[in-house]
Each structure stands twice: as C-alpha cells, then as structure tokens.
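*Asks:* Provided below: protein15.tsv, containing TSV, C-alpha atoms.
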```tsv
chain	number	residue	atom	x	y	z
A	1376	SER	CA	0.00	0.00	0.00
A	1377	GLN	CA	1.08	3.57	-0.61
A	1378	GLN	CA	2.15	5.63	2.37
A	1379	GLY	CA	1.84	9.00	0.70
A	1380	GLU	CA	-0.36	10.75	-1.76
A	1381	GLU	CA	0.79	13.53	-4.04
A	1382	ASP	CA	-1.36	16.40	-5.11
A	1383	PRO	CA	-2.06	17.29	-7.84
A	1384	GLN	CA	-1.92	14.06	-9.83
A	1385	ALA	CA	-0.98	16.05	-12.92
A	1386	LEU	CA	0.33	19.57	-13.43
A	1387	SER	CA	0.91	21.47	-16.66
A	1388	ILE	CA	2.79	24.76	-16.64
A	1389	GLN	CA	4.78	26.93	-19.01
A	1390	GLU	CA	8.53	27.23	-18.95
A	1391	GLY	CA	9.67	29.82	-16.44
A	1392	GLU	CA	6.75	29.30	-14.08
A	1393	ASN	CA	7.07	27.71	-10.66
A	1394	ALA	CA	5.68	24.24	-9.97
A	1395	THR	CA	4.44	23.17	-6.54
A	1396	MET	CA	3.65	19.60	-5.63
A	1397	ASN	CA	2.30	18.42	-2.31
A	1398	CYS	CA	2.63	15.14	-0.46
A	1399	SER	CA	0.61	13.88	2.48
A	1400	TYR	CA	1.51	10.83	4.54
A	1401	LYS	CA	-0.06	8.83	7.32
A	1402	THR	CA	2.46	7.83	9.99
A	1403	SER	CA	5.32	9.44	11.88
A	1404	ILE	CA	8.48	9.49	9.82
A	1405	ASN	CA	12.25	9.47	10.16
A	1406	ASN	CA	12.66	11.31	6.87
A	1407	LEU	CA	10.86	12.18	3.65
A	1408	GLN	CA	12.45	12.07	0.22
A	1409	TRP	CA	11.53	13.35	-3.22
A	1410	TYR	CA	12.36	11.49	-6.41
A	1411	ARG	CA	12.03	12.20	-10.09
A	1412	GLN	CA	11.31	9.70	-12.83
A	1413	ASN	CA	11.50	10.28	-16.54
A	1414	SER	CA	9.19	8.14	-18.63
A	1415	GLY	CA	10.25	4.50	-18.63
A	1416	ARG	CA	13.36	5.12	-16.55
A	1417	GLY	CA	14.51	4.49	-13.00
A	1418	LEU	CA	13.98	6.97	-10.20
A	1419	VAL	CA	16.51	9.64	-9.33
A	1420	HIS	CA	16.82	11.00	-5.82
A	1421	LEU	CA	16.33	14.76	-5.53
A	1422	ILE	CA	16.34	15.72	-1.88
A	1423	LEU	CA	15.95	14.25	1.61
A	1424	ILE	CA	14.47	16.13	4.56
A	1425	ARG	CA	14.60	14.74	8.08
A	1426	SER	CA	11.74	14.91	10.55
A	1427	ASN	CA	13.47	17.61	12.62
A	1428	GLU	CA	13.96	19.86	9.58
A	1429	ARG	CA	11.38	22.25	8.18
A	1430	GLU	CA	12.92	23.38	4.90
A	1431	LYS	CA	15.73	22.40	2.54
A	1432	HIS	CA	17.02	23.83	-0.70
A	1433	SER	CA	18.93	22.32	-3.57
A	1434	GLY	CA	19.45	24.49	-6.63
A	1435	ARG	CA	16.00	25.34	-8.00
A	1436	LEU	CA	14.33	22.92	-5.58
A	1437	ARG	CA	12.79	23.88	-2.26
A	1438	VAL	CA	11.23	21.29	0.03
A	1439	THR	CA	9.20	22.00	3.14
A	1440	LEU	CA	8.03	19.57	5.79
A	1441	ASP	CA	5.21	20.04	8.28
A	1442	THR	CA	5.16	17.05	10.60
A	1443	SER	CA	2.11	18.34	12.50
A	1444	LYS	CA	0.10	18.18	9.28
A	1445	LYS	CA	1.98	15.15	7.95
A	1446	SER	CA	2.65	16.95	4.70
A	1447	SER	CA	5.49	18.11	2.49
A	1448	SER	CA	5.78	20.28	-0.57
A	1449	LEU	CA	8.26	20.40	-3.43
A	1450	LEU	CA	8.71	23.69	-5.24
A	1451	ILE	CA	10.56	23.86	-8.54
A	1452	THR	CA	11.35	27.44	-9.45
A	1453	ALA	CA	11.85	28.80	-12.96
A	1454	SER	CA	10.82	25.50	-14.52
A	1455	ARG	CA	12.36	24.20	-17.73
A	1456	ALA	CA	11.07	21.80	-20.36
A	1457	ALA	CA	13.65	19.31	-19.09
A	1458	ASP	CA	11.84	19.25	-15.73
A	1459	THR	CA	9.01	17.33	-17.40
A	1460	ALA	CA	8.79	14.08	-15.42
A	1461	SER	CA	6.89	12.32	-12.65
A	1462	TYR	CA	7.75	13.34	-9.11
A	1463	PHE	CA	7.27	11.04	-6.11
A	1464	CYS	CA	7.56	11.53	-2.41
A	1465	ALA	CA	8.72	8.64	-0.28
A	1466	THR	CA	8.85	8.21	3.47
A	1467	VAL	CA	10.93	6.24	5.92
A	1468	ARG	CA	8.86	5.55	8.98
A	1469	ASN	CA	10.13	6.28	12.46
A	1470	THR	CA	10.08	2.71	13.77
A	1471	GLY	CA	13.69	2.13	14.75
A	1472	THR	CA	16.35	0.55	12.64
A	1473	ALA	CA	14.27	-1.51	10.29
A	1474	SER	CA	12.01	0.67	8.19
A	1475	LYS	CA	11.26	0.49	4.52
A	1476	LEU	CA	11.05	3.30	1.96
A	1477	THR	CA	7.44	3.73	0.85
A	1478	PHE	CA	6.38	5.77	-2.17
A	1479	GLY	CA	3.38	7.90	-2.93
A	1480	THR	CA	1.30	7.96	-6.08
A	1481	GLY	CA	3.21	10.71	-7.89
A	1482	THR	CA	2.62	14.00	-9.68
A	1483	ARG	CA	3.11	14.09	-13.43
A	1484	LEU	CA	4.60	17.46	-14.37
A	1485	GLN	CA	4.48	18.77	-17.93
A	1486	VAL	CA	6.47	21.90	-18.72
A	1487	THR	CA	5.71	23.41	-22.09
A	1488	LEU	CA	7.69	25.98	-24.08
B	963	ASP	CA	29.98	2.42	-13.38
B	964	THR	CA	29.33	2.01	-9.66
B	965	GLY	CA	25.56	2.50	-9.72
B	966	VAL	CA	22.80	-0.06	-9.26
B	967	SER	CA	22.54	-2.45	-12.16
B	968	GLN	CA	19.69	-4.76	-13.08
B	969	ASP	CA	19.63	-7.65	-15.47
B	970	PRO	CA	17.93	-8.23	-17.80
B	971	ARG	CA	16.52	-4.89	-18.90
B	972	HIS	CA	13.64	-6.55	-20.69
B	973	LYS	CA	12.06	-9.97	-20.37
B	974	ILE	CA	9.23	-11.46	-22.37
B	975	THR	CA	7.93	-14.76	-21.10
B	976	LYS	CA	5.00	-17.04	-21.64
B	977	ARG	CA	2.38	-17.38	-18.96
B	978	GLY	CA	3.26	-20.15	-16.55
B	979	GLN	CA	7.02	-19.85	-16.97
B	980	ASN	CA	9.41	-18.91	-14.17
B	981	VAL	CA	11.57	-15.81	-14.41
B	982	THR	CA	14.49	-14.57	-12.35
B	983	PHE	CA	15.84	-11.05	-12.18
B	984	ARG	CA	19.15	-9.94	-10.76
B	985	CYS	CA	20.14	-6.73	-9.01
B	986	ASP	CA	23.67	-5.63	-8.18
B	987	PRO	CA	23.57	-2.81	-5.61
B	988	ILE	CA	26.15	-0.19	-4.84
B	989	SER	CA	28.80	-2.17	-3.04
B	990	GLU	CA	28.84	-0.42	0.32
B	991	HIS	CA	25.04	-0.21	0.64
B	992	ASN	CA	23.54	-2.51	3.25
B	993	ARG	CA	19.90	-2.05	2.22
B	994	LEU	CA	18.39	-3.41	-0.96
B	995	TYR	CA	14.81	-2.89	-2.07
B	996	TRP	CA	12.59	-4.43	-4.74
B	997	TYR	CA	9.61	-2.54	-6.10
B	998	ARG	CA	7.06	-3.14	-8.84
B	999	GLN	CA	5.68	-0.32	-10.94
B	1000	THR	CA	2.87	-0.28	-13.48
B	1001	LEU	CA	2.08	2.51	-15.90
B	1002	GLY	CA	0.97	5.71	-14.19
B	1003	GLN	CA	1.48	4.37	-10.68
B	1004	GLY	CA	4.08	4.88	-8.00
B	1005	PRO	CA	6.58	2.16	-7.10
B	1006	GLU	CA	4.86	-0.54	-5.06
B	1007	PHE	CA	6.97	-2.05	-2.30
B	1008	LEU	CA	7.71	-5.77	-2.68
B	1009	THR	CA	10.47	-6.61	-0.22
B	1010	TYR	CA	13.70	-5.35	1.26
B	1011	PHE	CA	16.91	-6.61	2.80
B	1012	GLN	CA	19.35	-5.32	5.31
B	1013	ASN	CA	22.56	-7.12	4.46
B	1014	GLU	CA	21.46	-10.74	3.85
B	1015	ALA	CA	18.38	-10.58	6.09
B	1016	GLN	CA	15.00	-10.15	4.41
B	1017	LEU	CA	13.28	-7.72	6.77
B	1018	GLU	CA	9.85	-7.42	5.22
B	1019	LYS	CA	7.81	-8.82	2.38
B	1020	SER	CA	4.67	-7.14	1.14
B	1021	ARG	CA	1.44	-8.84	2.13
B	1022	LEU	CA	0.29	-8.21	-1.42
B	1023	LEU	CA	2.88	-10.65	-2.74
B	1024	SER	CA	1.78	-14.16	-3.44
B	1025	ASP	CA	3.92	-17.17	-2.63
B	1026	ARG	CA	4.96	-17.21	-6.29
B	1027	PHE	CA	7.39	-14.39	-5.53
B	1028	SER	CA	10.65	-15.01	-3.72
B	1029	ALA	CA	13.76	-12.95	-3.24
B	1030	GLU	CA	17.21	-13.73	-1.94
B	1031	ARG	CA	20.32	-11.79	-1.13
B	1032	PRO	CA	23.04	-14.32	-0.40
B	1033	LYS	CA	26.07	-12.90	1.38
B	1034	GLY	CA	24.44	-9.49	1.47
B	1035	SER	CA	25.63	-8.57	-2.00
B	1036	PHE	CA	23.57	-9.05	-5.17
B	1037	SER	CA	19.92	-10.03	-5.00
B	1038	THR	CA	17.60	-12.13	-7.13
B	1039	LEU	CA	13.85	-11.89	-7.49
B	1040	GLU	CA	12.10	-14.98	-8.82
B	1041	ILE	CA	8.53	-15.17	-10.03
B	1042	GLN	CA	7.17	-18.66	-10.47
B	1043	ARG	CA	4.28	-19.60	-12.76
B	1044	THR	CA	4.02	-16.10	-14.18
B	1045	GLU	CA	0.61	-14.57	-14.85
B	1046	GLN	CA	-0.34	-11.71	-17.16
B	1047	GLY	CA	-0.93	-9.53	-14.11
B	1048	ASP	CA	2.76	-9.83	-13.28
B	1049	SER	CA	3.61	-7.67	-16.28
B	1050	ALA	CA	5.28	-4.55	-14.87
B	1051	MET	CA	8.56	-2.78	-14.37
B	1052	TYR	CA	10.55	-4.32	-11.52
B	1053	LEU	CA	12.83	-1.81	-9.83
B	1054	CYS	CA	15.74	-2.45	-7.52
B	1055	ALA	CA	17.29	0.16	-5.25
B	1056	SER	CA	20.02	0.24	-2.65
B	1057	SER	CA	20.88	2.57	0.19
B	1058	LEU	CA	22.60	2.98	3.48
B	1059	GLN	CA	20.24	2.91	6.44
B	1060	ASN	CA	17.72	5.79	6.41
B	1061	THR	CA	19.43	7.63	3.57
B	1062	GLU	CA	18.58	8.25	-0.06
B	1063	ALA	CA	18.05	5.25	-2.31
B	1064	PHE	CA	19.73	4.75	-5.66
B	1065	PHE	CA	17.68	2.99	-8.30
B	1066	GLY	CA	18.60	0.78	-11.18
B	1067	GLN	CA	17.03	1.19	-14.60
B	1068	GLY	CA	14.58	-1.60	-13.94
B	1069	THR	CA	13.60	-4.85	-15.61
B	1070	ARG	CA	10.50	-4.63	-17.76
B	1071	LEU	CA	8.57	-7.91	-17.66
B	1072	THR	CA	5.95	-8.75	-20.24
B	1073	VAL	CA	3.96	-11.94	-19.74
B	1074	VAL	CA	2.20	-13.12	-22.90
```
Please lay out the structure from this file as structure tokens.

*Replies:*
Amino acid sequence: SQQGEEDPQALSIQEGENATMNCSYKTSINNLQWYRQNSGRGLVHLILIRSNEREKHSGRLRVTLDTSKKSSSLLITASRAADTASYFCATVRNTGTASKLTFGTGTRLQVTL
Amino acid sequence: DTGVSQDPRHKITKRGQNVTFRCDPISEHNRLYWYRQTLGQGPEFLTYFQNEAQLEKSRLLSDRFSAERPKGSFSTLEIQRTEQGDSAMYLCASSLQNTEAFFGQGTRLTVV
C-alpha cells in the first residue's frame, strides 16, 4: 500500500513558471524524500528532509516539511522543459532501525515551451 | 559504473514460466529494495533486505514471488508460474540505512 499521496496528480505549466507539488503521509516518519522519474526510466533522488527539519534547498528545488500536518511540498522554481517528469515523495517511517522506503502515487509534471 | 545495475533490462515470457531477475547494488550499501511499478502508478513495495536478512515482504505478494540476497551482495527476485498480471517494471534500489536510495534502470517484464 502507498504511504503517501501527491497532489495534484498532474500539473501542466509553461517554462519559467514555478511548480508546486504536495505530499501527504499517514504515519510518523524518520525522513521524507523526493524522487524524479522520466518516462520509462529508474527513479533519481532529488532531496531528503529529516523529521526535525522544516525546509531544505537544492538548486532550484525547495522542500518543506510540516510534521504536525503530515505533509510536504516540493517547489521547482523557474521550470524548464527538461523538468518534465513524474515526481514522487517517499517516506521512511520512524520505527527504529528496520524501516522500509514507501512511495506515494506521484505528480506528473508537464512543462511546455 | 558504480551505480545499481539490473539484469535483464527486458524480459518477455509465456504465462506459466518462471523468471528470475538480478540486481547488483552499490557495493557499500547494506539495504536493498525491490519494487514493482505499473504505468501511471508509483513504485509498489515488494520486499527489502538489510545485508542478507530479508526484513519485510509485502502482504500483497503471493507465494509465487521469492527474493534472496546471499552474502548481502547481489539479490535475485524470482517469479514462479508467471501470470499476465505480473507484467510490470521491476525496480531495484540500494541505500545505506535511512538515507537516499539509488535505483537501477529496472527490468520490464511482459507476460504473454
């Protein structure tokens, strides 16, 4: 079963605009991660945010985490056509040493010229 | 290349046949994950290992699925008596504990 759900399921924007994707999850977590997947390819890790962190930046990416609301957001600024992909959040639950990585349902981002 | 590699990349098999996939993780990673992904969906957890120990197996998996990770290195995923519903992309990933996972390119299985 999926731990997280991304919102929206699909997003279409023009190049240069910002894209915001949201992720909600159900249980307490150790960390939350965002991944990108181009069509038919493997997933690529983008950024990891730990449960005691509220915001992280990496280049044009900004991730926020609100553990009280069990939600996270991924902001891509100044989007490019090459950002077109599916984006997934994934969580590692806070259950000690043995905890799997569980993915959400994904947001499909289309960036047009 | 020191990334995660999966073999084969594509597999077409007849219904009822057994198939085995291999995953070679990044060498220093102690965790190895198997996921299944169908079109338009997120990766669905199948099983994962910490070193050679299989820590969890999805309740959604039938007994036709088995995975091993002998000596805590490479892993194999076997599907016995394949069914058309097994057609999917099978993804392998490795990581250190509670850190980012690195994915292979996947094995695309088509059961005809």

*Asks:* For the interface of chain A with chain B (cut-off 10 Å, counting all atoms listed in the file), please tabulate each contacting residue of chain A alongside its nearest pair of atoms and their separation in Å to one decimal, rows sorted by chain and increasing number, as CSV.

*Replies:*
```
residue,atom,partner,partner_atom,distance
A:Ser1376,CA,B:Glu1006,CA,7.0
A:Gln1377,CA,B:Glu1006,CA,7.1
A:Gly1379,CA,B:Gly1004,CA,9.9
A:Glu1380,CA,B:Gly1004,CA,9.6
A:Gln1384,CA,B:Gly1002,CA,9.9
A:Asn1405,CA,B:Asn1060,CA,7.6
A:Asn1406,CA,B:Asn1060,CA,7.5
A:Leu1407,CA,B:Glu1062,CA,9.4
A:Gln1408,CA,B:Glu1062,CA,7.2
A:Trp1409,CA,B:Glu1062,CA,9.3
A:Tyr1410,CA,B:Ala1063,CA,9.4
A:Gln1412,CA,B:Gly1004,CA,9.9
A:Ser1414,CA,B:Leu1001,CA,9.5
A:Gly1415,CA,B:Gln1067,CA,8.6
A:Arg1416,CA,B:Gln1067,CA,5.7
A:Gly1417,CA,B:Gln1067,CA,4.4
A:Leu1418,CA,B:Phe1065,CA,5.8
A:Val1419,CA,B:Phe1065,CA,6.8
A:His1420,CA,B:Glu1062,CA,6.6
A:Leu1421,CA,B:Glu1062,CA,8.8
A:Ile1422,CA,B:Glu1062,CA,8.0
A:Leu1423,CA,B:Glu1062,CA,6.8
A:Ile1424,CA,B:Thr1061,CA,9.9
A:Arg1425,CA,B:Asn1060,CA,9.6
A:Ser1461,CA,B:Gly1002,CA,9.0
A:Tyr1462,CA,B:Gly1004,CA,9.3
A:Phe1463,CA,B:Gly1004,CA,7.2
A:Cys1464,CA,B:Gly1004,CA,9.4
A:Ala1465,CA,B:Pro1005,CA,9.6
A:Thr1466,CA,B:Asn1060,CA,9.7
A:Val1467,CA,B:Asn1060,CA,6.8
A:Arg1468,CA,B:Asn1060,CA,9.2
A:Asn1469,CA,B:Asn1060,CA,9.7
A:Gly1471,CA,B:Asn1060,CA,10.0
A:Thr1472,CA,B:Gln1059,CA,7.7
A:Ala1473,CA,B:Leu1017,CA,7.2
A:Ser1474,CA,B:Asn1060,CA,7.9
A:Lys1475,CA,B:Tyr1010,CA,7.1
A:Leu1476,CA,B:Phe1007,CA,8.0
A:Thr1477,CA,B:Phe1007,CA,6.6
A:Phe1478,CA,B:Pro1005,CA,6.1
A:Gly1479,CA,B:Gly1004,CA,5.9
A:Thr1480,CA,B:Gly1004,CA,4.6
A:Gly1481,CA,B:Gly1004,CA,5.9
A:Thr1482,CA,B:Gly1004,CA,9.4
A:Arg1483,CA,B:Gly1002,CA,8.7
```

*Asks:* Box time for range 1057-1066 of chain B: axis-aligned, enclosing all its listed atoms, 5 Å extra on each side; report centre and edge lengths in Å to one decimal, as lines of an AutoDock Vina configuration file.

*Replies:*
```
center_x = 20.1
center_y = 4.5
center_z = -2.4
size_x = 14.9
size_y = 17.5
size_z = 27.6
```

*Asks:* Could you give me, as a PDB file with C-alpha atoms, in the coordinates of the input, the residues within 10 Å of Arg1455 in chain A, counting only C-alpha atoms and dropping anything in the same chain fewer than 6 positions from it?

*Replies:*
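Just written: result15.pdb:
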```
ATOM      1  CA  ILE A1388       2.790  24.760 -16.640  1.00  0.00           C
ATOM      2  CA  GLN A1389       4.780  26.930 -19.010  1.00  0.00           C
ATOM      3  CA  GLU A1390       8.530  27.230 -18.950  1.00  0.00           C
ATOM      4  CA  GLY A1391       9.670  29.820 -16.440  1.00  0.00           C
ATOM      5  CA  GLU A1392       6.750  29.300 -14.080  1.00  0.00           C
ATOM      6  CA  ASN A1393       7.070  27.710 -10.660  1.00  0.00           C
ATOM      7  CA  GLN A1485       4.480  18.770 -17.930  1.00  0.00           C
ATOM      8  CA  VAL A1486       6.470  21.900 -18.720  1.00  0.00           C
ATOM      9  CA  THR A1487       5.710  23.410 -22.090  1.00  0.00           C
ATOM     10  CA  LEU A1488       7.690  25.980 -24.080  1.00  0.00           C
TER      11      LEU A1488
END
```

*Asks:* Around (25.5, 5.7, -4.3) in the file's frame, which residues reach within 9 Å when counting all atoms listed in the file? Return as a PyMOL selection string?

*Replies:* chain B and resi 964-966+987-991+1056-1058+1062-1064

*Asks:* Calculate how many Å separate CA of Arg1026 in chain B from CA of Arg1043 in chain B, rounding to one decimal.

*Replies:*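 So the answer is 6.9 Å.
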
*Asks:* I'd like the contact shell of Lys973 in chain B - 12 Å cut-off, all atoms listed in the file, skipping same-chain residues fewer than 6 positions apart - returned as a ChimeraX atom specification.

*Replies:* /B:979-984,1044,1048-1052,1068-1074

*Asks:* Ranking A:Leu1436, A:Glu1381, A:Ser1426, A:Ala1457 by minimum distance to Cys1398 in chain A and counting only C-alpha atoms, which one comes first?

*Replies:*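 Nearest to Cys1398 in chain A: A:Glu1381.
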
*Asks:* What is the distance, in Å and to one decimal place, between CA of Lys1431 in chain A and CA of Arg998 in chain B?

*Replies:* 29.3 Å

*Asks:* Determine the nearest neighbour of Lys1445 in chain A from the options A:Asn1413, A:Thr1459, A:Asn1427, A:Ser1403, counting only C-alpha atoms.

*Replies:*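 For Lys1445 in chain A, the nearest of the given residues is A:Ser1403.
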